[in-house]
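Colleague: Input: one structure, supplied below.
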Amino acid sequence: MSDHIVHSPNSLPPALFLMGPTASGKTDLAIELCENLPCEIISVDSALIYRGMDIGTAKPNAAELKIAPHKLIDILDPAQSYSVAEFRKDALLAMQDITARGNIPLLVGGTMMYYKALIDGLSPLPESDQNVRQAIEAQAEKSGWNVLHQQLAQFDPTSAKRIHPNDPQRLIRALEVYLLTNRSMTDLMATKSAPIPYNIKQFCIAPDDRKVLHERIAQRFQIMVDTGFQAEVEKLKGRSDLHLNLPSIRCVGYRQMWQYLDGDFDFNEMREKSIAATRQLAKRQLTWLRGWENIYSLDTFSLDNLSKVIKLSQLQS
């Protein structure tokens with residue numbers, strides 16, 4: 001099944017999306033769903049993709065994975081990077097396989113950009129080309145950024161209005177896109193992938209009270225510390241190919257523990273900074289979810305979340 005097939009919504013196979021901020025209880029509900037419905041889980045989490053990063057990412061444990069195996073976890077080494085486009089391709093293939101087995105794809109996680117890419121598709125923007133970028137920079141040095149901004153205005157007036165002449169990074173990208181494709185960034189951004197061929201039901205799980213979420217985040221970080229998070233990061237730090245600029249090490253908690261091990265601050269400060277960064281992540285996730293369309297809300301502490309999902313999805317347990 002390709003993501004370019006067009007179906008009427010009623011004939012589409014079902015898929016469930018279970019979103020929510022960090023520490024909101026997504027994994028527990030997902031496992032419960034797998035025990036009651038023919039679901040298979042696909043992880044939608046940009047940190048769970050990395051091998052050897054288990055404690056600080058709150059990766060499901062061996063017992064949980066035995067009950068409910070997760071696809072798209074432990075697929076990369078922490079030295080590697082993973083794009084949104086790669087996630088979309090891998091997730092669609094996994095959904096296709098699950099549907100072919102007669103089961104329901106259950107996508108679980110809090111990386112909202114991944115969900116957005118699945119639902120809305122991606123613009124076909126080209127990858128960066130170092131030679132083209134260097135040529136643009138050389139021209140800017142010779143003629144000045146204002147001249148380049150005027151050039152942009154000739155073939156892409158919409159981007160030129162949006163991008164200030166003193167914003168070289170975005171100006172280079174808009175010029176680079178045109179030079180590589182002979183089409184403006186505005187034109188390409190309007191082109192999206194076809195909608196994915198599933199009848200999607202979306203759910204968001206979170207505690208009603210933000211303070212409770214903050215408490216859960218603090219408790220969970222303490223559990224991570226108690227179960228060997230420092231040793232996990234020490235092991236990563238022992239590798240010569242890993243550093244603070246990698247997406248893996250920039251993950252919440254890992255960056256702060258790494259800096260603590262570098263001697264940048266003491267243990268208590270590391271703990272406070274990690275919890276604060278996790279709260280910020282939860283806040284960003286909730287901001288995304290507030291503007292999300294066609295989503296059902298579930299309270300973390302409600303006892304009937306399972307039956308609600310089954311009923312609202314019109315699926316039989």
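Letters A, B, ... go to the chains of the structure tokens in the order shown; residues in each chain start at 1; ligands are counted from 1 in the same order.
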DSSP on the backbone: which residues in stretch 141-251 of chain A end up as helix (DSSP H, G or I)? Give the answer as an NGL selection string.

Modeller: :A and (141-143 or 145-155 or 157-162 or 168-181 or 185-189 or 210-226 or 229-237)

Colleague: Give me, as an NGL selection string, all polymer residues having an atom no more than 8 Å from stretch 296-302 of chain A, counting only C-alpha atoms and skipping those fewer than 4 positions away in the same chain.

Modeller: :A and (24-25 or 202-208)

Colleague: Keeping all heavy atoms for every residue in the selection just given, could you write it to a file as a tab-separated table (two decimals), in the first residue's frame?

Modeller:
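part.tsv was written with the following content:
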```tsv
chain	number	residue	atom	x	y	z
A	24	SER	N	3.14	11.08	30.79
A	24	SER	CA	1.68	11.19	30.93
A	24	SER	C	0.97	9.83	30.98
A	24	SER	O	-0.25	9.76	31.15
A	24	SER	CB	1.10	12.02	29.78
A	24	SER	OG	1.38	11.41	28.53
A	25	GLY	N	1.73	8.73	30.80
A	25	GLY	CA	1.12	7.40	30.89
A	25	GLY	C	0.79	6.77	29.55
A	25	GLY	O	-0.04	5.86	29.47
A	202	GLN	N	-7.32	9.82	16.73
A	202	GLN	CA	-6.22	10.40	17.50
A	202	GLN	C	-6.64	10.66	18.94
A	202	GLN	O	-7.73	11.20	19.19
A	202	GLN	CB	-5.79	11.71	16.86
A	202	GLN	CG	-5.36	11.56	15.41
A	202	GLN	CD	-4.95	12.89	14.81
A	202	GLN	OE1	-3.84	13.34	15.03
A	202	GLN	NE2	-5.82	13.52	14.06
A	203	PHE	N	-5.76	10.30	19.86
A	203	PHE	CA	-6.02	10.47	21.29
A	203	PHE	C	-4.84	11.17	21.95
A	203	PHE	O	-3.69	10.92	21.59
A	203	PHE	CB	-6.24	9.11	21.96
A	203	PHE	CG	-7.43	8.38	21.42
A	203	PHE	CD1	-7.30	7.52	20.33
A	203	PHE	CD2	-8.69	8.57	21.98
A	203	PHE	CE1	-8.41	6.87	19.80
A	203	PHE	CE2	-9.80	7.91	21.45
A	203	PHE	CZ	-9.66	7.07	20.36
A	204	CYS	N	-5.15	12.03	22.91
A	204	CYS	CA	-4.12	12.69	23.70
A	204	CYS	C	-4.35	12.34	25.16
A	204	CYS	O	-5.45	12.55	25.69
A	204	CYS	CB	-4.19	14.19	23.51
A	204	CYS	SG	-3.25	15.10	24.76
A	205	ILE	N	-3.33	11.77	25.82
A	205	ILE	CA	-3.44	11.45	27.25
A	205	ILE	C	-2.54	12.40	28.04
A	205	ILE	O	-1.39	12.63	27.68
A	205	ILE	CB	-3.10	9.96	27.53
A	205	ILE	CG1	-3.36	9.64	29.01
A	205	ILE	CG2	-1.70	9.59	27.09
A	205	ILE	CD1	-3.35	8.16	29.33
A	206	ALA	N	-3.11	12.98	29.11
A	206	ALA	CA	-2.35	13.90	29.99
A	206	ALA	C	-3.13	14.07	31.28
A	206	ALA	O	-4.35	13.93	31.29
A	206	ALA	CB	-2.17	15.25	29.30
A	207	PRO	N	-2.44	14.38	32.39
A	207	PRO	CA	-3.18	14.70	33.62
A	207	PRO	C	-3.90	16.03	33.43
A	207	PRO	O	-3.39	16.93	32.75
A	207	PRO	CB	-2.08	14.84	34.69
A	207	PRO	CG	-0.83	14.32	34.07
A	207	PRO	CD	-0.98	14.46	32.60
A	208	ASP	N	-5.10	16.16	34.00
A	208	ASP	CA	-5.84	17.42	33.89
A	208	ASP	C	-5.09	18.57	34.55
A	208	ASP	O	-5.17	19.71	34.11
A	208	ASP	CB	-7.23	17.27	34.55
A	208	ASP	CG	-8.19	16.50	33.64
A	208	ASP	OD1	-7.88	16.38	32.44
A	208	ASP	OD2	-9.23	16.03	34.14
```

Colleague: I'd like to know which residues of stretch 3-134 of chain A are strand (DSSP E or B) (by DSSP, run on the backbone); could you write them as a list of chain:residue names?

Modeller: A:Pro14, A:Ala15, A:Leu16, A:Phe17, A:Leu18, A:Met19, A:Cys39, A:Glu40, A:Ile41, A:Ile42, A:Ser43, A:Tyr50, A:His70, A:Lys71, A:Leu76, A:Ile104, A:Pro105, A:Leu106, A:Leu107, A:Val108

Colleague: Find the distance between atom CA of A:Lys26 and atom CA of A:Arg290 and write it in Å to one decimal.

Modeller: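 For atom CA of A:Lys26 relative to atom CA of A:Arg290, the distance reads 17.2 Å.
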
Colleague: In Å to one decimal, how far is atom CA of A:Met189 from atom CA of A:Asn131?

Modeller: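 Straight-line distance from atom CA of A:Asn131 to atom CA of A:Met189 works out to 23.0 Å.
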
Colleague: Let me make sure I understand: among A:Ala23, A:Met224, A:Val147, A:Ala47, which one has the smallest atom-to-atom distance to A:Gln80 if we use only C-alpha atoms?

Modeller: A:Ala47

Colleague: Need to verify the contact set: A:Leu148, 12 Å, only C-alpha atoms, exclusion of same-chain residues closer than 6 positions in sequence. Can you return it as an NGL selection string?

Modeller: :A and (135-142 or 154-156 or 160 or 163-168 or 170-176)

Colleague: So how far away is atom CA of A:Asp45 from atom CA of A:Gly109, in Å?

Modeller: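 Distance between the two atoms: 5.2 Å.
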